[in-house]
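Heads up, start.csv below (CSV, C-alpha atoms and all ligand atoms):
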chain,number,residue,atom,x,y,z
A,1,MET,CA,14.8,-10.0,31.9
A,2,GLN,CA,17.7,-7.5,31.7
A,3,ASP,CA,18.9,-8.7,28.3
A,4,ILE,CA,15.4,-8.0,26.9
A,5,LEU,CA,15.2,-4.6,28.6
A,6,ASP,CA,18.6,-3.7,27.1
A,7,LEU,CA,17.4,-4.7,23.7
A,8,ILE,CA,14.2,-2.7,24.1
A,9,GLN,CA,16.3,0.4,25.0
A,10,LYS,CA,18.4,-0.2,21.9
A,11,GLU,CA,15.3,-0.4,19.8
A,12,GLN,CA,13.9,2.8,21.4
A,13,ASP,CA,17.2,4.6,20.5
A,14,ARG,CA,17.1,3.3,17.0
A,15,GLN,CA,13.5,4.5,16.6
A,16,ASN,CA,14.4,7.9,18.0
A,17,LYS,CA,17.6,8.4,15.9
A,18,GLY,CA,16.1,7.3,12.5
A,19,ILE,CA,13.9,8.8,9.9
A,20,GLU,CA,11.1,6.1,9.6
A,21,LEU,CA,9.6,6.2,6.1
A,22,ILE,CA,8.2,2.6,6.1
A,23,ALA,CA,4.6,3.4,5.0
A,24,SER,CA,3.0,0.8,7.2
A,25,GLU,CA,4.6,2.0,10.5
A,26,ASN,CA,3.6,4.5,13.0
A,27,TYR,CA,4.2,5.5,16.7
A,28,ALA,CA,1.4,4.6,19.1
A,29,SER,CA,0.5,7.1,21.9
A,30,LYS,CA,1.5,6.8,25.5
A,31,ASP,CA,-2.1,5.9,26.4
A,32,VAL,CA,-2.3,3.2,23.7
A,33,ARG,CA,1.0,1.7,25.0
A,34,LYS,CA,0.0,1.9,28.6
A,35,VAL,CA,-3.2,0.0,28.0
A,36,THR,CA,-1.4,-2.6,25.8
A,37,GLY,CA,0.9,-3.2,28.6
A,38,SER,CA,-1.8,-3.5,31.2
A,39,ILE,CA,-3.0,-6.4,33.5
A,40,LEU,CA,-5.7,-7.2,30.9
A,41,THR,CA,-3.2,-9.6,29.4
A,42,ASN,CA,-4.0,-11.9,32.3
A,43,LYS,CA,-7.6,-12.5,31.3
A,44,TYR,CA,-9.1,-15.3,29.3
A,45,ALA,CA,-12.3,-14.2,27.5
A,46,GLU,CA,-13.1,-16.7,24.7
A,47,GLY,CA,-16.4,-15.7,23.1
A,48,TYR,CA,-18.0,-12.3,22.9
A,49,PRO,CA,-19.4,-9.8,25.5
A,50,GLY,CA,-22.2,-11.4,27.4
A,51,ARG,CA,-21.4,-14.8,25.8
A,52,ARG,CA,-18.1,-15.9,27.3
A,53,TYR,CA,-16.8,-19.3,28.0
A,54,TYR,CA,-15.1,-18.1,31.2
A,55,GLY,CA,-16.2,-16.4,34.4
A,56,GLY,CA,-15.0,-13.0,35.7
A,57,CYS,CA,-15.6,-11.3,32.3
A,58,GLU,CA,-17.8,-8.4,33.5
A,59,PHE,CA,-15.1,-5.7,33.0
A,60,VAL,CA,-13.5,-7.1,29.8
A,61,ASP,CA,-17.1,-7.3,28.5
A,62,GLU,CA,-17.6,-3.6,29.1
A,63,ILE,CA,-14.2,-2.8,27.5
A,64,GLU,CA,-14.9,-4.9,24.4
A,65,ARG,CA,-18.4,-3.3,24.1
A,66,ILE,CA,-16.7,0.2,24.2
A,67,ALA,CA,-14.2,-0.8,21.6
A,68,ILE,CA,-17.0,-2.1,19.3
A,69,LYS,CA,-19.0,1.1,19.8
A,70,GLU,CA,-16.1,3.4,19.2
A,71,ALA,CA,-15.1,1.5,16.0
A,72,CYS,CA,-18.7,1.8,14.8
A,73,ASP,CA,-18.9,5.5,15.7
A,74,LEU,CA,-15.6,6.3,14.1
A,75,PHE,CA,-16.3,4.5,10.8
A,76,GLU,CA,-20.0,5.1,10.8
A,77,CYS,CA,-21.0,1.5,10.5
A,78,LYS,CA,-23.4,-0.9,12.3
A,79,PHE,CA,-21.2,-3.9,13.4
A,80,ALA,CA,-17.6,-4.5,14.3
A,81,ASN,CA,-15.4,-7.4,15.4
A,82,VAL,CA,-12.4,-6.0,17.3
A,83,GLN,CA,-10.8,-9.4,18.1
A,84,PRO,CA,-8.6,-10.2,15.1
A,85,HIS,CA,-4.9,-10.4,16.2
A,86,SER,CA,-3.7,-8.9,13.0
A,87,GLY,CA,-4.8,-7.7,9.6
A,88,SER,CA,-4.0,-11.1,8.1
A,89,GLN,CA,-6.3,-12.8,10.7
A,90,ALA,CA,-9.0,-10.3,9.9
A,91,ASN,CA,-8.8,-11.2,6.2
A,92,ALA,CA,-8.9,-14.9,6.9
A,93,ALA,CA,-12.1,-14.5,8.8
A,94,ALA,CA,-13.6,-12.2,6.2
A,95,TYR,CA,-13.0,-14.7,3.4
A,96,ARG,CA,-14.6,-17.4,5.5
A,97,ALA,CA,-17.7,-15.3,6.1
A,98,LEU,CA,-18.0,-14.3,2.5
A,99,MET,CA,-17.6,-17.6,0.6
A,100,PRO,CA,-17.1,-21.4,0.9
A,101,ASN,CA,-13.7,-23.1,0.6
A,102,GLY,CA,-12.5,-22.9,-3.0
A,103,GLY,CA,-14.5,-19.6,-3.6
A,104,LYS,CA,-13.1,-17.2,-6.2
A,105,VAL,CA,-11.6,-13.8,-5.4
A,106,LEU,CA,-10.6,-11.1,-7.9
A,107,SER,CA,-7.8,-9.0,-6.4
A,108,LEU,CA,-4.6,-7.1,-7.1
A,109,VAL,CA,-1.5,-9.3,-7.0
A,110,LEU,CA,1.2,-8.7,-4.3
A,111,ASN,CA,3.8,-7.4,-6.8
A,112,ASP,CA,1.4,-4.7,-8.0
A,113,GLY,CA,0.7,-3.5,-4.5
A,114,GLY,CA,-1.6,-6.1,-3.1
A,115,HIS,CA,-0.9,-8.0,0.1
A,116,LEU,CA,0.3,-11.6,0.9
A,117,THR,CA,-3.2,-12.5,2.0
A,118,HIS,CA,-4.6,-11.4,-1.3
A,119,GLY,CA,-3.7,-14.7,-3.0
A,120,SER,CA,0.0,-15.1,-2.7
A,121,PRO,CA,1.2,-18.7,-3.1
A,122,VAL,CA,3.1,-18.5,0.2
A,123,SER,CA,0.0,-17.4,2.1
A,124,PHE,CA,-3.0,-19.5,3.4
A,125,SER,CA,-5.2,-17.4,1.1
A,126,SER,CA,-4.3,-19.1,-2.2
A,127,ASN,CA,-4.4,-22.5,-0.5
A,128,PHE,CA,-8.1,-22.2,0.6
A,129,TYR,CA,-9.5,-20.0,-2.2
A,130,THR,CA,-8.9,-19.4,-5.9
A,131,PHE,CA,-7.4,-16.0,-6.7
A,132,ILE,CA,-7.4,-14.2,-10.0
A,133,HIS,CA,-5.9,-10.8,-10.4
A,134,TYR,CA,-6.6,-7.5,-12.2
A,135,PRO,CA,-3.7,-5.6,-13.7
A,136,LEU,CA,-2.9,-2.0,-13.1
A,137,ASP,CA,-2.5,0.5,-16.0
A,138,LYS,CA,1.0,1.3,-17.3
A,139,ASP,CA,1.1,4.4,-15.1
A,140,GLY,CA,0.2,2.3,-12.0
A,141,ARG,CA,-3.4,3.4,-11.7
A,142,LEU,CA,-6.5,1.2,-11.3
A,143,ASN,CA,-8.4,0.5,-14.6
A,144,TYR,CA,-12.0,0.0,-13.5
A,145,GLU,CA,-13.0,-1.0,-17.1
A,146,SER,CA,-10.6,-3.9,-17.1
A,147,ILE,CA,-11.7,-4.9,-13.6
A,148,LYS,CA,-15.2,-5.0,-14.9
A,149,GLU,CA,-14.3,-7.0,-18.0
A,150,ILE,CA,-12.3,-9.6,-16.0
A,151,ALA,CA,-15.1,-9.8,-13.4
A,152,LEU,CA,-17.8,-10.4,-16.1
A,153,GLN,CA,-15.7,-13.1,-17.6
A,154,GLU,CA,-14.5,-14.9,-14.5
A,155,LYS,CA,-17.6,-14.4,-12.3
A,156,PRO,CA,-15.7,-14.2,-8.9
A,157,ASP,CA,-17.5,-14.6,-5.6
A,158,VAL,CA,-15.7,-11.5,-4.2
A,159,ILE,CA,-13.9,-8.5,-5.6
A,160,LEU,CA,-11.2,-7.3,-3.2
A,161,SER,CA,-9.7,-3.8,-3.2
A,162,GLY,CA,-7.5,-2.0,-0.7
A,163,TYR,CA,-3.7,-2.3,-1.0
A,164,SER,CA,-0.3,-2.1,0.6
A,165,ALA,CA,1.6,0.0,-2.0
A,166,PHE,CA,-0.9,2.0,-4.0
A,167,PRO,CA,-0.4,5.8,-3.9
A,168,TYR,CA,-3.8,6.8,-5.3
A,169,GLU,CA,-7.4,7.1,-4.0
A,170,ILE,CA,-9.6,4.1,-4.7
A,171,ASP,CA,-13.1,4.7,-6.1
A,172,PHE,CA,-15.1,2.3,-4.0
A,173,LYS,CA,-18.4,3.5,-5.6
A,174,LYS,CA,-17.2,2.3,-9.0
A,175,ILE,CA,-16.1,-1.0,-7.6
A,176,ARG,CA,-19.6,-1.5,-6.0
A,177,GLU,CA,-21.2,-0.8,-9.3
A,178,ILE,CA,-19.0,-3.5,-10.9
A,179,CYS,CA,-19.9,-5.9,-8.1
A,180,ASP,CA,-23.6,-5.2,-8.6
A,181,GLU,CA,-23.4,-5.8,-12.3
A,182,VAL,CA,-21.5,-9.0,-11.8
A,183,GLY,CA,-23.6,-10.1,-8.9
A,184,CYS,CA,-20.7,-10.7,-6.5
A,185,LEU,CA,-19.7,-9.5,-3.0
A,186,MET,CA,-17.4,-6.6,-2.3
A,187,MET,CA,-14.6,-6.8,0.3
A,188,VAL,CA,-12.2,-3.9,1.1
A,189,ASP,CA,-9.0,-4.3,3.0
A,190,MET,CA,-8.3,-0.7,4.2
A,191,ALA,CA,-5.3,-1.7,6.4
A,192,HIS,CA,-3.1,1.1,5.0
A,193,ILE,CA,-5.7,3.9,4.6
A,194,ALA,CA,-7.8,3.4,7.7
A,195,GLY,CA,-6.5,6.6,9.3
A,196,LEU,CA,-7.3,8.6,6.2
A,197,VAL,CA,-10.8,7.0,6.1
A,198,ALA,CA,-11.3,7.8,9.8
A,199,ALA,CA,-10.3,11.4,9.2
A,200,LYS,CA,-12.6,11.6,6.1
A,201,LYS,CA,-9.6,12.3,3.8
A,202,HIS,CA,-10.3,9.2,1.7
A,203,ILE,CA,-13.7,8.0,0.5
A,204,SER,CA,-15.0,5.5,3.0
A,205,PRO,CA,-15.6,2.0,1.8
A,206,ILE,CA,-18.2,1.4,4.5
A,207,PRO,CA,-21.3,2.5,2.5
A,208,TYR,CA,-20.3,0.3,-0.4
A,209,ALA,CA,-18.5,-2.9,0.8
A,210,ASP,CA,-20.1,-6.0,2.3
A,211,ILE,CA,-17.1,-6.4,4.6
A,212,VAL,CA,-14.3,-4.0,5.4
A,213,THR,CA,-11.1,-5.3,7.1
A,214,SER,CA,-8.3,-3.3,8.6
A,215,THR,CA,-5.2,-3.2,10.7
A,216,THR,CA,-5.2,-0.7,13.7
A,217,HIS,CA,-1.4,0.0,13.7
A,218,LYS,CA,-0.7,1.7,10.4
A,219,THR,CA,-2.2,5.2,9.6
A,220,LEU,CA,-4.8,4.6,12.3
A,221,ARG,CA,-1.9,4.8,14.8
A,222,GLY,CA,-3.2,2.3,17.4
A,223,PRO,CA,-1.9,-1.0,18.8
A,224,ARG,CA,-0.8,-3.8,16.5
A,225,GLY,CA,-4.0,-5.6,15.6
A,226,GLY,CA,-6.9,-6.2,13.2
A,227,LEU,CA,-10.5,-5.1,12.8
A,228,ILE,CA,-13.5,-6.2,10.7
A,229,LEU,CA,-16.5,-3.9,9.9
A,230,THR,CA,-19.9,-4.6,8.2
A,231,ASN,CA,-23.4,-3.2,8.0
A,232,SER,CA,-24.9,-6.7,7.4
A,233,PRO,CA,-26.6,-8.4,10.4
A,234,GLU,CA,-26.1,-11.8,8.6
A,235,LEU,CA,-22.5,-11.3,7.8
A,236,ILE,CA,-21.5,-10.1,11.3
A,237,LYS,CA,-22.7,-13.5,12.7
A,238,LYS,CA,-20.5,-15.3,10.2
A,239,ILE,CA,-17.6,-13.0,10.9
A,240,ASN,CA,-17.9,-13.6,14.6
A,241,SER,CA,-17.8,-17.3,14.3
A,242,ALA,CA,-15.0,-17.2,11.8
A,243,VAL,CA,-12.8,-15.1,14.2
A,244,PHE,CA,-13.7,-17.3,17.3
A,245,PRO,CA,-13.8,-20.2,17.5
A,246,PHE,CA,-12.7,-21.0,13.9
A,247,TYR,CA,-9.4,-19.1,13.6
A,248,GLN,CA,-8.6,-17.7,17.0
A,249,GLY,CA,-8.9,-18.7,20.7
A,250,GLY,CA,-9.0,-16.2,23.5
A,251,PRO,CA,-9.0,-12.5,22.4
A,252,LEU,CA,-6.1,-10.2,23.5
A,253,GLU,CA,-8.3,-8.0,25.7
A,254,HIS,CA,-5.3,-5.7,26.5
A,255,VAL,CA,-5.0,-5.0,22.7
A,256,VAL,CA,-8.8,-4.7,22.4
A,257,ALA,CA,-8.8,-2.1,25.1
A,258,ALA,CA,-5.9,-0.2,23.3
A,259,LYS,CA,-8.0,-0.4,20.1
A,260,ALA,CA,-10.8,1.4,22.0
A,261,VAL,CA,-8.3,4.1,23.0
A,262,CYS,CA,-7.0,4.4,19.4
A,263,PHE,CA,-10.6,4.7,18.0
A,264,LYS,CA,-11.3,7.5,20.5
A,265,GLU,CA,-8.0,9.3,19.6
A,266,ALA,CA,-8.7,9.0,15.9
A,267,HIS,CA,-12.1,10.6,16.5
A,268,THR,CA,-10.7,14.0,17.4
A,269,ASN,CA,-9.8,17.2,15.5
A,270,SER,CA,-6.2,16.8,16.3
A,271,PHE,CA,-6.1,13.4,14.5
A,272,VAL,CA,-7.8,15.0,11.4
A,273,LYS,CA,-5.0,17.7,11.5
A,274,TYR,CA,-2.4,14.9,11.7
A,275,VAL,CA,-3.8,13.2,8.6
A,276,GLU,CA,-3.9,16.5,6.7
A,277,SER,CA,-0.3,17.1,7.6
A,278,LEU,CA,0.6,13.5,6.8
A,279,MET,CA,-0.9,13.8,3.3
A,280,GLU,CA,0.7,17.2,2.7
A,281,ASN,CA,4.1,15.9,3.7
A,282,THR,CA,3.9,12.9,1.4
A,283,LYS,CA,2.8,15.1,-1.5
A,284,ILE,CA,5.7,17.6,-0.9
A,285,CYS,CA,8.3,14.9,-0.6
A,286,SER,CA,7.2,13.2,-3.8
A,287,LYS,CA,7.0,16.5,-5.7
A,288,THR,CA,10.4,17.7,-4.5
A,289,LEU,CA,11.9,14.5,-5.7
A,290,ARG,CA,10.4,14.9,-9.1
A,291,ASP,CA,11.4,18.6,-9.2
A,292,LEU,CA,15.0,17.5,-8.5
A,293,GLY,CA,14.8,15.1,-11.5
A,294,ALA,CA,14.0,11.8,-9.8
A,295,ILE,CA,11.2,9.6,-11.1
A,296,ALA,CA,8.5,9.2,-8.4
A,297,THR,CA,4.8,8.7,-8.5
A,298,ASP,CA,2.4,11.4,-7.4
A,299,THR,CA,0.4,10.6,-4.3
A,300,GLU,CA,-3.2,10.9,-3.1
A,301,ASN,CA,-2.7,9.3,0.2
A,302,HIS,CA,0.2,8.7,2.7
A,303,LEU,CA,2.7,7.0,0.4
A,304,PHE,CA,4.4,7.1,-3.0
A,305,LEU,CA,6.8,5.0,-5.0
A,306,LEU,CA,10.3,6.1,-6.0
A,307,ASN,CA,11.9,4.6,-9.1
A,308,THR,CA,15.5,4.3,-7.9
A,309,LEU,CA,16.7,2.3,-11.0
A,310,ASP,CA,15.8,5.0,-13.5
A,311,SER,CA,16.6,7.9,-11.1
A,312,PHE,CA,19.9,6.7,-9.6
A,313,GLY,CA,20.9,3.6,-11.5
A,314,ILE,CA,20.5,1.4,-8.4
A,315,THR,CA,17.9,-1.3,-7.5
A,316,GLY,CA,15.3,-0.8,-4.8
A,317,LEU,CA,17.3,-3.3,-2.6
A,318,GLU,CA,20.5,-1.3,-3.0
A,319,ALA,CA,18.7,2.0,-2.3
A,320,GLN,CA,17.1,0.5,0.8
A,321,LYS,CA,20.4,-0.7,2.1
A,322,LYS,CA,22.2,2.6,1.3
A,323,LEU,CA,19.6,4.6,3.1
A,324,GLU,CA,19.6,2.3,6.1
A,325,GLU,CA,23.3,3.1,6.6
A,326,ILE,CA,22.3,6.7,7.5
A,327,GLY,CA,19.2,5.7,9.6
A,328,VAL,CA,16.6,6.3,6.9
A,329,THR,CA,14.3,3.3,6.8
A,330,THR,CA,12.3,2.5,3.7
A,331,ASN,CA,11.4,-0.7,1.9
A,332,LYS,CA,12.1,-1.9,-1.6
A,333,ASN,CA,9.0,-2.2,-3.7
A,334,MET,CA,8.0,-3.1,-7.2
A,335,ILE,CA,7.1,-0.1,-9.3
A,336,PRO,CA,4.6,0.1,-12.2
A,337,GLY,CA,6.0,-2.1,-15.0
A,338,ASP,CA,8.9,-3.3,-13.0
A,339,LYS,CA,11.3,-5.6,-14.9
A,340,LEU,CA,13.3,-6.8,-11.9
A,341,THR,CA,12.4,-9.5,-9.4
A,342,PRO,CA,10.5,-8.8,-6.1
A,343,LYS,CA,13.8,-9.6,-4.3
A,344,GLU,CA,15.6,-6.7,-6.0
A,345,THR,CA,12.9,-4.4,-7.4
A,346,SER,CA,13.4,-1.1,-9.2
A,347,GLY,CA,12.2,1.2,-6.4
A,348,LEU,CA,11.2,2.1,-2.9
A,349,ARG,CA,7.9,2.6,-1.1
A,350,ILE,CA,8.0,5.8,1.0
A,351,GLY,CA,5.4,6.9,3.5
A,352,PHE,CA,5.1,9.7,6.1
A,353,ALA,CA,2.7,8.3,8.7
A,354,ALA,CA,5.4,7.7,11.3
A,355,VAL,CA,7.6,10.8,10.9
A,356,THR,CA,4.5,13.1,10.8
A,357,THR,CA,3.5,11.7,14.2
A,358,ARG,CA,6.9,12.8,15.5
A,359,GLY,CA,6.3,16.3,14.2
A,360,CYS,CA,7.8,16.3,10.7
A,361,THR,CA,6.8,19.6,9.0
A,362,LYS,CA,6.3,20.3,5.3
A,363,GLU,CA,9.7,22.0,5.3
A,364,ASP,CA,11.2,18.9,6.8
A,365,ALA,CA,9.5,16.7,4.2
A,366,ALA,CA,11.2,18.8,1.4
A,367,GLU,CA,14.5,18.4,3.3
A,368,ILE,CA,14.0,14.6,3.4
A,369,ALA,CA,13.4,14.6,-0.4
A,370,LYS,CA,16.7,16.5,-0.9
A,371,LEU,CA,18.5,14.2,1.5
A,372,ILE,CA,17.3,11.1,-0.3
A,373,PHE,CA,18.1,12.6,-3.7
A,374,ASN,CA,21.5,13.9,-2.8
A,375,TYR,CA,22.6,10.8,-1.0
A,376,LEU,CA,21.4,8.3,-3.6
A,377,SER,CA,23.0,10.3,-6.4
A,378,ASN,CA,26.2,10.5,-4.4
A,379,LYS,CA,26.1,14.3,-4.3
A,380,ILE,CA,26.7,14.1,-0.5
A,381,ASN,CA,28.7,11.5,1.4
A,382,LYS,CA,27.6,9.4,4.3
A,383,GLU,CA,28.9,11.8,6.9
A,384,GLU,CA,27.0,14.8,5.5
A,385,ALA,CA,23.9,12.7,5.1
A,386,SER,CA,24.1,11.4,8.6
A,387,SER,CA,24.4,14.8,10.1
A,388,LYS,CA,21.3,15.9,8.2
A,389,VAL,CA,19.4,12.9,9.7
A,390,LYS,CA,20.6,14.0,13.1
A,391,GLU,CA,19.6,17.6,12.6
A,392,LEU,CA,16.0,16.6,11.5
A,393,THR,CA,15.3,13.9,14.1
A,394,SER,CA,16.7,16.0,17.0
A,395,LYS,CA,14.0,18.6,16.3
A,396,TRP,CA,11.2,16.0,16.5
A,397,LYS,CA,9.4,14.5,19.5
A,398,LEU,CA,11.0,11.5,21.3
A,399,ILE,CA,8.9,8.4,20.5
A,400,GLU,CA,8.4,7.6,24.2
A,401,ASN,CA,6.7,11.0,24.7
A,402,ILE,CA,4.1,10.6,21.9
A,501,LIG,C1,-0.5,-4.7,6.5
A,501,LIG,C2,-1.6,-5.3,5.7
A,501,LIG,C3,-2.3,-6.4,6.1
A,501,LIG,C4,-1.9,-7.3,7.2
A,501,LIG,O1,-1.5,-6.9,8.4
A,501,LIG,P1,-0.8,-7.8,9.5
A,501,LIG,O2,-1.3,-7.1,10.7
A,501,LIG,O3,0.7,-7.6,9.3
A,501,LIG,O4,-1.2,-9.2,9.4
A,501,LIG,C5,-3.3,-6.8,5.3
A,501,LIG,N1,-3.7,-6.2,4.2
A,501,LIG,C6,-3.0,-5.1,3.8
A,501,LIG,C7,-3.5,-4.4,2.5
A,501,LIG,C8,-1.9,-4.6,4.5
A,501,LIG,O5,-1.2,-3.6,4.0

Structure re-expressed in structure tokens:
Amino acid sequence: MQDILDLIQKEQDRQNKGIELIASENYASKDVRKVTGSILTNKYAEGYPGRRYYGGCEFVDEIERIAIKEACDLFECKFANVQPHSGSQANAAAYRALMPNGGKVLSLVLNDGGHLTHGSPVSFSSNFYTFIHYPLDKDGRLNYESIKEIALQEKPDVILSGYSAFPYEIDFKKIREICDEVGCLMMVDMAHIAGLVAAKKHISPIPYADIVTSTTHKTLRGPRGGLILTNSPELIKKINSAVFPFYQGGPLEHVVAAKAVCFKEAHTNSFVKYVESLMENTKICSKTLRDLGAIATDTENHLFLLNTLDSFGITGLEAQKKLEEIGVTTNKNMIPGDKLTPKETSGLRIGFAAVTTRGCTKEDAAEIAKLIFNYLSNKINKEEASSKVKELTSKWKLIENI
């Protein structure tokens, strides 16, 4: 036990000392962590509230009903399944509910900002379904005309949108129109932007999509887990049987309970303020980098892409490693039109969800841009950069107090 506690302490220190710019990470609140660590982990509850395969479920039934209701209230939809253990599990269940084995999905490829579960050869997805992909424009934006053309030609069962590394707003209404014209279903994976959607700072996919999947631990700031939403009484039945018993066994009721806490937290004014500040910080950092002479995308959400190859003459992998030396965590990412391999890449994905939770201000966001620029272009050395990281992080909240 002690060895594990020591390592948790080390990880806590690492989280407190670093500037966390990985766009998919965040810091869960004390309440979310308390509930995740509760005695609910002891309970088996296969099935759904009122229809369990085990006795003694009266309290977890109530908890799961609250989680479902809070999810539906927050996202203004009719039905929710709160049991998926992760976003990938949620996607697996959604695919099964939407189409038979071998069904065809039109999605964005991983290298352009999609997700492993959107048809990557190393994921289950491409083994059970047929994936075809739509390209992005040269500037990295969605081209709805070309999505429509491909869809009319290929006649997919499902058009999938929602991405892992896409810095712009997605026009779900336009995608619905394409789906209606083609006669196919619409699935949205809002894993990254769920917090923005909850705060009404990004168009909601709920009125347009047949099924919406999500994670709960990225911008939504809850426990690590998945979520599926729909307005269709037919689809929710299929979704429920796809999650249990098809893909999963007993639900993690401690995580389901923490999801309920997260949905309530996200349904407050202070969460809306958080999302506003998060988007403002992201915008200021990307703009400051461009003003300094770097090549970075603009942003309409919580992340942007920095072209490190053309800005500093180093690959994304090299930039990631160099920043890691001073406690700034990012991840290498393909940029629009990238000529390098996904192992190297020409850039970084940078997001502000985590640092904004700790209290990063817009002035801090500009300082972070300068720090990244000056360090990657060797204008300051490791020592100077590290002391800047210390100066910034020591002003922010400790992650155990969030
Ligand atoms: C993160 C992510 C997922 C998967 O989440 P896991 O919980 O890691 O399985 C799915 N889709 C998108 C678009 C994501 O960004």

Residues near range 129-146 of chain A, anyone? I mean within 6 Å using only C-alpha atoms, not counting same-chain ones fewer than 5 positions away, as a list in words.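 Counting only C-alpha atoms, the residues come to Asn101, Gly102, Gly103, Lys104, Val105, Leu106, Ser107, Leu108, Val109, Gly119 and Pro336 of chain A.
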
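Near ligand LIG 501 (chain A), the residues found within 6 Å are Ser86, Gly87, Ser88, His115, Gly162, Tyr163, Ser164, Asp189, Ala191, His192, Thr215 and Gly225 of chain A (criterion computed using all atoms listed in the file).
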
Please provide the set of residues having any atom within 6 Å of range 299-310 of chain A, restricted to all atoms listed in the file, with same-chain residues fewer than 5 positions apart removed, written as a PyMOL selection string.
chain A and resi 167-169+279+282-283+315-316+346-351

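With distances restricted to all atoms listed in the file, A:Pro207 is the closest residue to Cys77 in chain A from A:Glu363, A:Leu371, A:Pro207, A:Arg224.
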
_Shell around Arg221 in chain A at 12 Å using all atoms listed in the file, local window under 5 positions removed, as JSON, numbers by chain_ = {"A": [23, 24, 25, 26, 27, 28, 29, 30, 31, 32, 33, 191, 192, 193, 194, 195, 196, 198, 215, 216, 258, 259, 260, 261, 262, 263, 264, 265, 266, 267, 271, 274, 275, 353, 354, 355, 356, 357, 358, 402]}

- Name the closest residue to Ala165 in chain A among the candidates A:Asp112, A:Pro205, A:Pro84, A:Ile150; distances are taken between atoms, counting only C-alpha atoms.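 Of the candidates, the smallest distance to Ala165 in chain A is held by A:Asp112.
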
Exercise. Find the residues near range 385-395 of chain A: any atom within 8 Å, counting all atoms listed in the file, skip ones fewer than 6 places away on the same chain, and give them as a VMD selection string.
Key: chain A and resid 16 to 19 326 to 328 364 371 375

Problem set entry | Who sits within 9 Å of His254 in chain A, all atoms listed in the file, same chain under 6 positions skipped, as a list in words |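 With the cut-off at 9 Å, the set is Val35, Thr36, Gly37, Ser38, Ile39, Leu40, Thr41, Asn42, Lys43 and Val60 of chain A.
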
As a check of understanding: the span from CA of Glu384 in chain A to CA of Ile284 in chain A is 22.4 Å

I'd like the interatomic distance between CA of Glu325 in chain A and CA of Ala294 in chain A, to a tenth of an Å.
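Here the two named atoms are 20.8 Å from each other.
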
Exercise for review: List every protein, DNA or RNA residue with an atom no more than 12 Å from (-18.3, 2.4, -7.6) in the file's coordinates, counting only C-alpha atoms, and format the result as a count of residues only.
Suggested key: 25

* Mind giving me the straight-line distance from CA of Leu398 in chain A to CA of Thr330 in chain A in Å, one decimal? =>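 Spanning CA of Leu398 in chain A to CA of Thr330 in chain A is a straight-line distance of 19.8 Å.
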
- Query: With distances taken over only C-alpha atoms, which of A:Leu185, A:Ile399, A:Leu5, A:Val256 is nearest to His85 in chain A?
  - Reply: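 Closest candidate: A:Val256.
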